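A.B. asks: Contents of start-v2.txt (compact mmCIF, C-alpha atoms and all ligand atoms) are given next:
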# COMPACT_ATOMS: atom_id res chain seq x y z
CA MET U 1194 106.69 79.95 111.70
CA SER U 1195 108.72 80.70 108.63
CA SER U 1196 110.97 83.53 107.63
CA ILE U 1197 111.63 84.49 104.02
CA GLN U 1198 114.82 85.84 102.57
CA LEU U 1199 115.50 87.13 99.07
CA ALA U 1200 119.15 87.57 98.15
CA GLY U 1201 120.14 89.39 94.96
CA ILE U 1202 116.94 88.46 93.12
CA ALA U 1203 116.77 89.68 89.52
CA LYS U 1204 114.28 88.94 86.77
CA ALA U 1205 114.44 89.80 83.08
CA TRP U 1206 112.29 88.85 80.14
CA GLY U 1207 114.58 89.20 77.14
CA THR U 1208 116.06 92.64 77.45
CA SER U 1209 113.29 93.97 79.68
CA ARG U 1210 114.36 93.96 83.32
CA ALA U 1211 111.52 93.59 85.79
CA LEU U 1212 113.57 93.20 88.99
CA GLU U 1213 117.12 94.08 89.95
CA ALA U 1214 119.13 93.28 93.06
CA ILE U 1215 116.23 92.60 95.41
CA ASP U 1216 117.46 91.87 98.95
CA LEU U 1217 114.71 91.37 101.46
CA GLN U 1218 114.23 89.82 104.88
CA VAL U 1219 110.72 88.96 106.09
CA ASP U 1220 110.78 87.82 109.70
CA ALA U 1221 108.68 84.85 110.79
CA GLY U 1222 105.17 85.78 111.89
CA THR U 1223 105.24 89.24 110.35
CA PHE U 1224 103.09 90.96 107.74
CA CYS U 1225 105.14 92.34 104.86
CA VAL U 1226 103.51 94.47 102.17
CA LEU U 1227 105.02 94.93 98.72
CA LEU U 1228 103.84 98.36 97.61
CA GLY U 1229 104.42 100.40 94.48
CA PRO U 1230 102.95 101.73 91.24
CA SER U 1231 101.76 99.52 88.40
CA GLY U 1232 104.58 97.62 86.74
CA CYS U 1233 107.15 98.13 89.53
CA GLY U 1234 107.59 94.37 90.04
CA LYS U 1235 105.37 93.52 93.02
CA SER U 1236 103.62 90.50 91.51
CA THR U 1237 106.81 89.22 89.95
CA THR U 1238 108.53 89.29 93.36
CA LEU U 1239 105.61 87.42 94.93
CA ARG U 1240 105.51 84.84 92.14
CA ILE U 1241 109.25 84.24 92.52
CA ILE U 1242 108.74 83.54 96.26
CA ALA U 1243 105.88 81.18 95.38
CA GLY U 1244 107.90 79.40 92.69
CA LEU U 1245 105.43 80.34 89.94
CA GLU U 1246 108.19 82.30 88.23
CA THR U 1247 111.91 81.54 88.13
CA ALA U 1248 114.41 84.26 89.02
CA SER U 1249 117.11 85.14 86.49
CA ALA U 1250 119.56 85.50 89.39
CA GLY U 1251 119.60 85.28 93.16
CA GLN U 1252 118.22 83.01 95.86
CA VAL U 1253 114.97 82.48 97.73
CA LEU U 1254 115.26 81.08 101.25
CA ILE U 1255 112.33 79.98 103.38
CA ASP U 1256 113.28 79.27 106.99
CA GLY U 1257 116.89 79.31 105.92
CA ARG U 1258 116.32 76.56 103.33
CA ASP U 1259 117.25 77.38 99.74
CA VAL U 1260 114.03 76.80 97.75
CA THR U 1261 115.17 78.65 94.60
CA ASN U 1262 114.94 75.54 92.46
CA LEU U 1263 112.00 73.83 94.17
CA PRO U 1264 108.54 73.64 92.56
CA PRO U 1265 105.70 75.58 94.28
CA ALA U 1266 104.20 72.52 95.98
CA GLN U 1267 107.43 71.81 97.87
CA ARG U 1268 107.91 75.33 99.26
CA GLY U 1269 105.27 75.21 101.99
CA VAL U 1270 103.56 78.38 100.82
CA ALA U 1271 99.90 79.13 100.16
CA MET U 1272 98.74 81.76 97.72
CA VAL U 1273 95.59 83.90 97.56
CA PHE U 1274 94.91 85.70 94.28
CA GLN U 1275 92.94 88.79 93.38
CA ASN U 1276 90.25 86.79 91.56
CA TYR U 1277 90.08 84.17 94.38
CA ALA U 1278 90.43 81.35 91.78
CA LEU U 1279 87.43 79.44 93.15
CA PHE U 1280 85.89 76.55 91.19
CA PRO U 1281 82.35 77.59 90.24
CA HIS U 1282 80.98 74.02 90.11
CA LEU U 1283 82.27 73.07 93.58
CA ASN U 1284 80.59 74.08 96.83
CA VAL U 1285 82.40 76.00 99.55
CA ARG U 1286 83.44 72.84 101.42
CA ASP U 1287 85.03 71.29 98.32
CA ASN U 1288 86.63 74.56 97.29
CA ILE U 1289 88.27 74.88 100.69
CA GLY U 1290 89.35 71.26 100.70
CA PHE U 1291 90.45 71.04 97.06
CA GLY U 1292 94.17 71.14 97.75
CA LEU U 1293 93.81 68.54 100.51
CA SER U 1294 92.18 65.96 98.25
CA VAL U 1295 94.83 66.59 95.59
CA ARG U 1296 97.49 65.94 98.23
CA LYS U 1297 95.59 62.86 99.44
CA VAL U 1298 95.12 64.09 103.00
CA GLU U 1299 92.99 61.51 104.82
CA LYS U 1300 89.24 62.37 104.81
CA GLY U 1301 88.73 62.62 108.58
CA GLU U 1302 91.70 64.96 108.91
CA ALA U 1303 90.58 67.01 105.88
CA ASP U 1304 87.06 67.43 107.32
CA LYS U 1305 88.51 68.57 110.63
CA ARG U 1306 90.70 71.19 109.01
CA ILE U 1307 87.88 72.45 106.77
CA ALA U 1308 85.51 72.77 109.74
CA HIS U 1309 88.14 74.62 111.74
CA ALA U 1310 88.96 77.07 108.93
CA ALA U 1311 85.26 77.62 108.19
CA GLU U 1312 84.64 78.37 111.87
CA LEU U 1313 87.57 80.79 112.02
CA LEU U 1314 86.39 82.69 108.95
CA GLY U 1315 82.65 82.67 109.63
CA LEU U 1316 81.85 80.30 106.74
CA ALA U 1317 80.38 77.39 108.73
CA ALA U 1318 76.82 78.11 107.60
CA LEU U 1319 77.81 78.48 103.95
CA LEU U 1320 79.64 75.21 103.30
CA ASP U 1321 77.03 73.83 100.89
CA ARG U 1322 76.74 76.95 98.76
CA LYS U 1323 78.34 77.49 95.37
CA PRO U 1324 80.67 80.50 94.91
CA SER U 1325 78.01 82.26 92.79
CA GLN U 1326 75.76 82.31 95.89
CA LEU U 1327 78.35 84.19 97.95
CA SER U 1328 79.19 87.86 98.31
CA GLY U 1329 82.61 89.11 97.23
CA GLY U 1330 83.79 89.20 100.83
CA GLN U 1331 82.61 85.63 101.45
CA GLN U 1332 84.37 84.42 98.30
CA GLN U 1333 87.49 86.12 99.52
CA ARG U 1334 87.19 84.27 102.83
CA VAL U 1335 86.81 80.93 101.03
CA ALA U 1336 90.05 81.63 99.15
CA LEU U 1337 91.68 82.45 102.46
CA ALA U 1338 90.27 79.30 104.11
CA ARG U 1339 91.77 77.25 101.30
CA ALA U 1340 95.16 78.78 102.08
CA LEU U 1341 94.71 78.10 105.81
CA VAL U 1342 93.77 74.41 105.54
CA ALA U 1343 96.99 73.82 103.61
CA GLN U 1344 98.64 74.69 106.95
CA ALA U 1345 101.33 76.61 105.15
CA ARG U 1346 103.17 78.94 107.46
CA VAL U 1347 103.76 81.37 104.62
CA CYS U 1348 100.81 82.97 102.93
CA LEU U 1349 101.31 85.03 99.77
CA MET U 1350 98.54 87.38 98.68
CA ASP U 1351 98.27 89.32 95.43
CA GLU U 1352 95.81 92.22 95.77
CA PRO U 1353 93.28 89.92 97.49
CA LEU U 1354 90.87 92.73 98.35
CA SER U 1355 90.86 94.68 95.13
CA ASN U 1356 87.50 93.33 93.92
CA LEU U 1357 85.66 94.37 97.06
CA ASP U 1358 83.78 97.61 97.66
CA ALA U 1359 85.40 100.22 99.89
CA GLN U 1360 83.56 99.32 103.10
CA LEU U 1361 84.11 95.57 102.86
CA ARG U 1362 87.72 96.17 101.91
CA GLN U 1363 88.20 98.12 105.10
CA GLN U 1364 86.59 95.38 107.17
CA MET U 1365 88.60 92.59 105.50
CA ARG U 1366 91.85 94.48 106.12
CA THR U 1367 91.19 94.34 109.84
CA GLU U 1368 90.06 90.70 109.69
CA LEU U 1369 93.09 89.61 107.71
CA ARG U 1370 95.48 91.38 110.02
CA GLU U 1371 93.84 89.89 113.12
CA LEU U 1372 93.90 86.41 111.61
CA GLN U 1373 97.54 86.74 110.64
CA GLN U 1374 98.47 87.77 114.17
CA ARG U 1375 96.32 85.13 115.84
CA LEU U 1376 97.77 82.30 113.73
CA GLY U 1377 101.29 83.70 113.64
CA LEU U 1378 101.38 83.50 109.84
CA THR U 1379 104.14 85.00 107.77
CA VAL U 1380 102.34 87.02 105.09
CA VAL U 1381 103.68 88.74 101.99
CA TYR U 1382 100.94 90.90 100.55
CA VAL U 1383 100.92 92.85 97.28
CA THR U 1384 99.00 96.09 96.87
CA HIS U 1385 99.30 99.41 95.08
CA ASP U 1386 97.14 101.05 97.75
CA GLN U 1387 99.36 102.88 100.21
CA ALA U 1388 96.63 103.22 102.84
CA GLU U 1389 96.13 99.45 102.78
CA ALA U 1390 99.88 98.93 103.09
CA MET U 1391 100.28 101.37 105.96
CA SER U 1392 97.33 100.02 107.94
CA MET U 1393 98.26 96.33 107.72
CA ALA U 1394 102.02 95.99 107.51
CA ASP U 1395 104.77 95.35 110.00
CA GLN U 1396 107.12 96.13 107.14
CA VAL U 1397 106.35 98.08 103.95
CA VAL U 1398 108.61 97.38 100.99
CA LEU U 1399 108.22 100.18 98.50
CA LEU U 1400 109.24 99.15 94.99
CA ASN U 1401 110.03 101.49 92.11
CA LYS U 1402 111.05 100.33 88.63
CA GLY U 1403 112.12 96.89 89.80
CA ARG U 1404 114.17 98.05 92.77
CA ILE U 1405 113.49 98.48 96.47
CA GLU U 1406 113.09 102.20 97.03
CA GLN U 1407 112.72 101.84 100.80
CA ALA U 1408 111.81 99.04 103.22
CA ALA U 1409 110.70 100.12 106.69
CA GLN U 1410 107.98 100.01 109.31
CA PRO U 1411 104.98 102.16 108.32
CA ARG U 1412 105.74 104.83 110.93
CA ALA U 1413 109.38 105.12 109.94
CA LEU U 1414 108.46 105.33 106.26
CA TYR U 1415 105.98 108.09 106.99
CA ALA U 1416 108.22 110.02 109.35
CA ALA U 1417 111.41 109.84 107.30
CA PRO U 1418 110.88 108.98 103.63
CA GLY U 1419 114.29 108.31 102.13
CA THR U 1420 113.52 109.78 98.72
CA THR U 1421 111.07 112.17 97.06
CA PHE U 1422 109.47 109.11 95.44
CA ALA U 1423 108.74 107.57 98.87
CA ALA U 1424 107.68 110.97 100.19
CA SER U 1425 105.10 111.48 97.47
CA PHE U 1426 103.86 107.85 97.37
CA ILE U 1427 102.97 107.55 101.06
CA GLY U 1428 100.28 109.73 102.64
CA THR U 1429 96.95 111.24 101.57
CA PRO U 1430 97.04 113.96 100.46
CA ALA U 1431 100.63 113.41 99.35
CA MET U 1432 103.55 115.26 100.90
CA ASN U 1433 104.12 118.70 99.37
CA LEU U 1434 107.39 118.92 97.50
CA LEU U 1435 108.35 122.54 96.99
CA GLN U 1436 111.11 123.31 94.55
CA LEU U 1437 113.84 125.55 95.97
CA ASP U 1438 115.70 128.15 94.01
CA GLY U 1439 118.86 129.58 95.55
CA GLY U 1440 117.69 128.85 99.08
CA ARG U 1441 114.15 130.19 98.63
CA ILE U 1442 110.86 128.57 97.72
CA ALA U 1443 110.80 129.08 93.94
CA GLY U 1444 109.09 132.28 92.84
CA SER U 1445 108.77 133.59 96.41
CA ASP U 1446 110.78 135.41 99.08
CA VAL U 1447 110.37 132.58 101.58
CA VAL U 1448 113.79 131.54 102.80
CA ALA U 1449 114.51 127.80 102.99
CA SER U 1450 117.72 125.77 102.86
CA PRO U 1451 120.51 126.73 100.46
CA ARG U 1452 121.82 123.16 100.14
CA ALA U 1453 118.54 121.39 99.37
CA ALA U 1454 116.70 121.23 96.05
CA TRP U 1455 113.35 120.27 97.55
CA LEU U 1456 111.45 121.08 100.72
CA GLY U 1457 108.94 118.41 101.79
CA LEU U 1458 105.98 119.28 104.03
CA ARG U 1459 103.13 116.96 105.01
CA PRO U 1460 99.76 118.67 104.43
CA GLU U 1461 98.83 118.17 108.10
CA ALA U 1462 102.07 119.84 109.20
CA VAL U 1463 101.11 123.10 107.51
CA GLY U 1464 98.75 125.36 109.43
CA LEU U 1465 96.82 128.57 108.88
CA GLY U 1466 98.44 131.36 110.84
CA GLY U 1467 102.11 131.87 110.13
CA ASP U 1468 104.20 134.22 108.09
CA VAL U 1469 104.25 132.62 104.64
CA PRO U 1470 101.83 134.44 102.30
CA ALA U 1471 99.73 132.15 100.10
CA THR U 1472 96.68 132.30 97.89
CA VAL U 1473 93.96 129.65 98.18
CA ARG U 1474 93.32 128.20 94.72
CA SER U 1475 90.58 125.72 95.66
CA THR U 1476 89.16 123.85 98.66
CA GLU U 1477 87.83 120.35 99.32
CA TYR U 1478 85.48 119.92 102.28
CA LEU U 1479 85.74 116.39 103.76
CA GLY U 1480 83.77 116.78 107.00
CA ALA U 1481 86.50 116.38 109.60
CA ASP U 1482 89.05 118.05 107.32
CA LEU U 1483 89.18 120.94 104.93
CA ILE U 1484 91.84 120.49 102.26
CA LEU U 1485 93.23 123.74 100.87
CA HIS U 1486 95.14 123.90 97.62
CA CYS U 1487 97.29 127.03 97.80
CA ASP U 1488 99.97 128.81 95.81
CA VAL U 1489 103.18 130.01 97.43
CA GLY U 1490 105.24 131.82 94.82
CA THR U 1491 105.21 129.54 91.79
CA GLN U 1492 104.79 126.45 93.97
CA SER U 1493 101.64 124.60 94.91
CA ILE U 1494 101.04 123.56 98.53
CA THR U 1495 98.25 121.43 99.96
CA VAL U 1496 97.13 122.10 103.53
CA ARG U 1497 95.03 119.75 105.65
CA SER U 1498 93.05 122.06 107.91
CA SER U 1499 90.21 121.46 110.34
CA GLY U 1500 86.78 120.98 108.77
CA GLU U 1501 85.64 123.91 110.89
CA ALA U 1502 88.00 126.36 109.19
CA GLN U 1503 86.19 128.98 107.11
CA VAL U 1504 88.37 129.58 104.08
CA ALA U 1505 87.27 130.05 100.49
CA ALA U 1506 88.96 129.90 97.09
CA GLY U 1507 90.64 133.17 96.14
CA GLU U 1508 91.43 134.18 99.74
CA ARG U 1509 94.88 135.36 100.77
CA VAL U 1510 96.10 133.43 103.83
CA ARG U 1511 99.29 133.04 105.83
CA LEU U 1512 100.73 129.59 106.36
CA GLY U 1513 103.18 128.26 108.90
CA TRP U 1514 104.97 125.07 109.92
CA ALA U 1515 107.33 123.89 112.61
CA ASP U 1516 111.05 123.60 111.92
CA ASP U 1517 111.01 119.86 112.60
CA ALA U 1518 108.21 119.35 110.05
CA MET U 1519 110.57 120.15 107.20
CA HIS U 1520 112.03 117.34 105.07
CA TRP U 1521 114.95 118.18 102.79
CA PHE U 1522 115.93 116.42 99.58
CA ASP U 1523 118.78 116.94 97.12
CA ALA U 1524 118.42 117.38 93.35
CA GLU U 1525 118.49 113.59 92.88
CA GLY U 1526 115.59 113.24 95.31
CA ARG U 1527 117.63 111.77 98.19
CA ARG U 1528 116.82 112.73 101.75
CA LEU U 1529 119.26 115.15 103.39
CA PRO U 1530 119.82 115.23 107.15
CA ALA U 1531 117.83 117.95 108.91
N1 LIG U 1601 105.44 87.26 81.48
C1 LIG U 1601 106.01 88.46 81.28
N2 LIG U 1601 106.69 88.72 80.15
C2 LIG U 1601 107.28 89.92 79.94
N3 LIG U 1601 107.24 90.95 80.83
C3 LIG U 1601 106.55 90.75 81.96
C4 LIG U 1601 105.90 89.52 82.26
N4 LIG U 1601 105.30 89.62 83.47
C5 LIG U 1601 105.58 90.87 83.91
N5 LIG U 1601 106.32 91.56 83.01
C6 LIG U 1601 106.83 92.94 83.16
O1 LIG U 1601 107.56 93.02 84.36
C7 LIG U 1601 107.32 94.26 85.03
C8 LIG U 1601 106.81 94.00 86.44
O2 LIG U 1601 105.55 93.39 86.37
P1 LIG U 1601 104.69 93.02 87.67
O3 LIG U 1601 103.46 92.31 87.23
O4 LIG U 1601 105.55 92.34 88.64
O5 LIG U 1601 104.32 94.48 88.20
P2 LIG U 1601 103.32 94.89 89.37
O6 LIG U 1601 104.08 95.85 90.21
O7 LIG U 1601 102.76 93.70 90.04
O8 LIG U 1601 102.22 95.68 88.57
P3 LIG U 1601 100.62 95.75 88.74
O9 LIG U 1601 100.37 96.54 89.99
O10 LIG U 1601 100.19 96.49 87.51
O11 LIG U 1601 100.11 94.35 88.81
C9 LIG U 1601 106.35 95.02 84.16
O12 LIG U 1601 107.06 95.92 83.38
C10 LIG U 1601 105.72 93.94 83.32
O13 LIG U 1601 105.31 94.46 82.07
As structure tokens, what does this structure read like?
Ligand SMILES: Nc1ncnc2c1ncn2[C@@H]1O[C@H](COP(=O)(O)OP(=O)(O)OP(=O)(O)O)[C@@H](O)[C@H]1O

C.D. replies:
Amino acid sequence: MSSIQLAGIAKAWGTSRALEAIDLQVDAGTFCVLLGPSGCGKSTTLRIIAGLETASAGQVLIDGRDVTNLPPAQRGVAMVFQNYALFPHLNVRDNIGFGLSVRKVEKGEADKRIAHAAELLGLAALLDRKPSQLSGGQQQRVALARALVAQARVCLMDEPLSNLDAQLRQQMRTELRELQQRLGLTVVYVTHDQAEAMSMADQVVLLNKGRIEQAAQPRALYAAPGTTFAASFIGTPAMNLLQLDGGRIAGSDVVASPRAAWLGLRPEAVGLGGDVPATVRSTEYLGADLILHCDVGTQSITVRSSGEAQVAAGERVRLGWADDAMHWFDAEGRRLPA
């Protein structure tokens, strides 16, 4: 098993800075997700770990060994891309084994590894097919099998599920996570989908404009976002951020904290029945849940209520929340202690 460490990694193209001061520890055998909006530097970070991009400053260590100046092939990492990068003219067997023949792994050994990976990923019956005869999910598994036969202990994945439909994506998330745990792989996985990140990761690294905004276990990130950016990026619907004005929710009489600039409330932490008057602007019925978009003073607040609740747009309601459901942030968006 291999750990990964990034120390002071920076990357610039000319005057445009893509990454600054990235310090990161990925423990051996864990699943680390790089998460963030488009352009925040996720792929660049991954490519620097892989050796496909050189850092402008800083060091990459794999298992304590400085690999900063080593070419990709000598780093012991495998990579799975969004488009799978399969060869259309080769069958599944040869696609899986491609890297082995390049590295002159002996045929008997190569066949054994291919058979094992195919078995593990449910591809054994498909070895003679061409990629065009496979579903998206099967192609994704072939790309994964190719990474596995390389026997790299570090697997780097750049949005590997983004070409799959929602249902298959869900299924592959579970499969990938199980496989990673079973084989004890160290995985660094790039996505912009926070639900994917939260459901798969041991550690979520949230990036914003080339810096680490917060790195934490999914539960810790959800329970105590360190900034308003993290608060609004994680969770569906997103956390409500209510602007405060002189210790009250702006435009209302509702008393909040005099020292904070923002009050954060998760939609599921707000309930019907309380003493905060609100007007329902619109509703979204989702079966199990009813999402209410309400106005409190001049602020908008989203409430996740039970699907059984009978509330319609235009209604006046009263909302409430527990004291410990309140998150406070200062004017710069930094979390304040409760
Ligand atoms: N080869 C390059 N030359 C110049 N700028 C680049 C290059 N590659 C990436 N960038 C810039 O670096 C920043 C980070 O890019 P990166 O691809 O790492 O973002 P990302 O978070 O993976 O985004 P996305 O989710 O859209 O793929 C962006 O501003 C991007 O425009």

A.B. asks: At a cut-off of 7 Å, using only C-alpha atoms, what residues contact region 1332-1336 of chain U? Leave out same-chain residues fewer than 2 positions from it and give the result as a ChimeraX atom specification.

C.D. replies: /U:1273,1277,1279,1285,1289,1314,1324,1327-1330,1338-1340

A.B. asks: What does the distance between CA of Asp1358 (chain U) and CA of His1309 (chain U) come to in Å, to one decimal place?

C.D. replies: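 Between these atoms lies a distance of 27.3 Å.
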
A.B. asks: Would you kindly return, as a PyMOL selection string, each protein, DNA or RNA residue with an atom no farther than 7 Å from any atom of region 1461-1470 of chain U, considering all atoms listed in the file and excluding same-chain residues fewer than 3 positions away?

C.D. replies: chain U and resi 1447+1458+1489+1496-1498+1510-1514+1518

A.B. asks: Kindly save the residues from that selection, with C-alpha atoms included, as a compact mmCIF listing (two decimals), keeping the file's coordinate frame.

C.D. replies:
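part-v1.txt was written with the following content:
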# COMPACT_ATOMS: atom_id res chain seq x y z
CA VAL U 1447 110.37 132.58 101.58
CA LEU U 1458 105.98 119.28 104.03
CA VAL U 1489 103.18 130.01 97.43
CA VAL U 1496 97.13 122.10 103.53
CA ARG U 1497 95.03 119.75 105.65
CA SER U 1498 93.05 122.06 107.91
CA VAL U 1510 96.10 133.43 103.83
CA ARG U 1511 99.29 133.04 105.83
CA LEU U 1512 100.73 129.59 106.36
CA GLY U 1513 103.18 128.26 108.90
CA TRP U 1514 104.97 125.07 109.92
CA ALA U 1518 108.21 119.35 110.05

A.B. asks: Residues up to 10 Å from ligand LIG 1601 (chain U), counting all atoms listed in the file: could you list those as a PyMOL selection string?

C.D. replies: chain U and resi 1204-1212+1227-1241+1246+1351-1352+1383-1386+1400-1403

A.B. asks: With C-alpha atoms kept, could you save the residues just selected as a PDB file, keeping the file's coordinate frame?

C.D. replies:
ATOM      1  CA  LYS U1204     114.280  88.940  86.770  1.00  0.00           C
ATOM      2  CA  ALA U1205     114.440  89.800  83.080  1.00  0.00           C
ATOM      3  CA  TRP U1206     112.290  88.850  80.140  1.00  0.00           C
ATOM      4  CA  GLY U1207     114.580  89.200  77.140  1.00  0.00           C
ATOM      5  CA  THR U1208     116.060  92.640  77.450  1.00  0.00           C
ATOM      6  CA  SER U1209     113.290  93.970  79.680  1.00  0.00           C
ATOM      7  CA  ARG U1210     114.360  93.960  83.320  1.00  0.00           C
ATOM      8  CA  ALA U1211     111.520  93.590  85.790  1.00  0.00           C
ATOM      9  CA  LEU U1212     113.570  93.200  88.990  1.00  0.00           C
ATOM     10  CA  LEU U1227     105.020  94.930  98.720  1.00  0.00           C
ATOM     11  CA  LEU U1228     103.840  98.360  97.610  1.00  0.00           C
ATOM     12  CA  GLY U1229     104.420 100.400  94.480  1.00  0.00           C
ATOM     13  CA  PRO U1230     102.950 101.730  91.240  1.00  0.00           C
ATOM     14  CA  SER U1231     101.760  99.520  88.400  1.00  0.00           C
ATOM     15  CA  GLY U1232     104.580  97.620  86.740  1.00  0.00           C
ATOM     16  CA  CYS U1233     107.150  98.130  89.530  1.00  0.00           C
ATOM     17  CA  GLY U1234     107.590  94.370  90.040  1.00  0.00           C
ATOM     18  CA  LYS U1235     105.370  93.520  93.020  1.00  0.00           C
ATOM     19  CA  SER U1236     103.620  90.500  91.510  1.00  0.00           C
ATOM     20  CA  THR U1237     106.810  89.220  89.950  1.00  0.00           C
ATOM     21  CA  THR U1238     108.530  89.290  93.360  1.00  0.00           C
ATOM     22  CA  LEU U1239     105.610  87.420  94.930  1.00  0.00           C
ATOM     23  CA  ARG U1240     105.510  84.840  92.140  1.00  0.00           C
ATOM     24  CA  ILE U1241     109.250  84.240  92.520  1.00  0.00           C
ATOM     25  CA  GLU U1246     108.190  82.300  88.230  1.00  0.00           C
ATOM     26  CA  ASP U1351      98.270  89.320  95.430  1.00  0.00           C
ATOM     27  CA  GLU U1352      95.810  92.220  95.770  1.00  0.00           C
ATOM     28  CA  VAL U1383     100.920  92.850  97.280  1.00  0.00           C
ATOM     29  CA  THR U1384      99.000  96.090  96.870  1.00  0.00           C
ATOM     30  CA  HIS U1385      99.300  99.410  95.080  1.00  0.00           C
ATOM     31  CA  ASP U1386      97.140 101.050  97.750  1.00  0.00           C
ATOM     32  CA  LEU U1400     109.240  99.150  94.990  1.00  0.00           C
ATOM     33  CA  ASN U1401     110.030 101.490  92.110  1.00  0.00           C
ATOM     34  CA  LYS U1402     111.050 100.330  88.630  1.00  0.00           C
ATOM     35  CA  GLY U1403     112.120  96.890  89.800  1.00  0.00           C
TER      36      GLY U1403
END

A.B. asks: Rounded to one decimal, what separation in Å do you get between CA of Leu1483 (chain U) and CA of Ala1506 (chain U)?

C.D. replies: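 These two atoms are separated by 11.9 Å.
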
A.B. asks: With all atoms listed in the file as the counted atoms, please give the residues lying no more than 10 Å from Ser1450 (chain U), apart from itself and same-chain residues fewer than 4 positions off, as a ChimeraX atom specification.

C.D. replies: /U:1437-1442,1454-1456,1521,1531

A.B. asks: Could you please determine the separation between CA of Val1298 (chain U) and CA of Ala1343 (chain U) in Å, to one decimal place?

C.D. replies: 9.9 Å

A.B. asks: Residues of region 1254-1335 of chain U within 9 Å of region 1344-1347 of chain U: nearest atom pair and distance (Å, one decimal) for each, counting only C-alpha atoms, sorted by chain and number, as CSV?

C.D. replies:
residue,atom,partner,partner_atom,distance
U:Ile1255,CA,U:Val1347,CA,8.8
U:Arg1268,CA,U:Ala1345,CA,8.9
U:Gly1269,CA,U:Ala1345,CA,5.2
U:Val1270,CA,U:Val1347,CA,4.8
U:Ala1271,CA,U:Ala1345,CA,5.8
U:Met1272,CA,U:Val1347,CA,8.5
U:Arg1306,CA,U:Gln1344,CA,8.9

A.B. asks: Tell me which of U:Thr1379, U:Gly1526, U:Ala1443, U:Arg1452 sits closest to Ser1493 (chain U), counting all atoms listed in the file.

C.D. replies: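 Residue with the minimum atom-to-atom distance to Ser1493 (chain U): U:Ala1443.
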
A.B. asks: Measuring between only C-alpha atoms, which one of U:Met1519, U:Val1448, U:Val1504, U:Met1432 shows the shortest distance to Gly1490 (chain U)?

C.D. replies: U:Val1448

A.B. asks: Counting only C-alpha atoms, which residue out of U:Leu1293, U:Ala1243, U:Gly1500, U:Gly1444 sits closest to Tyr1478 (chain U)?

C.D. replies: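 With only C-alpha atoms as the atom set, the closest residue is U:Gly1500.
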
A.B. asks: So which one's closest to Gln1503 (chain U), U:Ala1409, U:Leu1369, U:Val1380, U:Leu1485? Using only C-alpha atoms, please.

C.D. replies: U:Leu1485

A.B. asks: Which is closer to Leu1217 (chain U) than all the others in U:Gln1436, U:Gln1331, U:Asn1288, U:Gln1407, using all atoms listed in the file?

C.D. replies: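 Counting all atoms listed in the file, the residue closest to Leu1217 (chain U) is U:Gln1407.
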
A.B. asks: Kindly indicate which residue among U:Leu1435, U:Cys1348, U:Ala1390, U:Leu1337 lies nearest to Leu1414 (chain U), using all atoms listed in the file for the distances.

C.D. replies: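 Answer, going by the shortest atom-to-atom distance: U:Ala1390.
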
A.B. asks: I'd like the box whose edges run along x, y and z of the file and which contains every listed atom of region 1288-1295 of chain U, padded by 5 Å per side; could you state its centre and edge lengths in Å, one decimal, as lines of an AutoDock Vina configuration file?

C.D. replies:
center_x = 90.7
center_y = 70.4
center_z = 98.1
size_x = 18.2
size_y = 18.9
size_z = 15.1
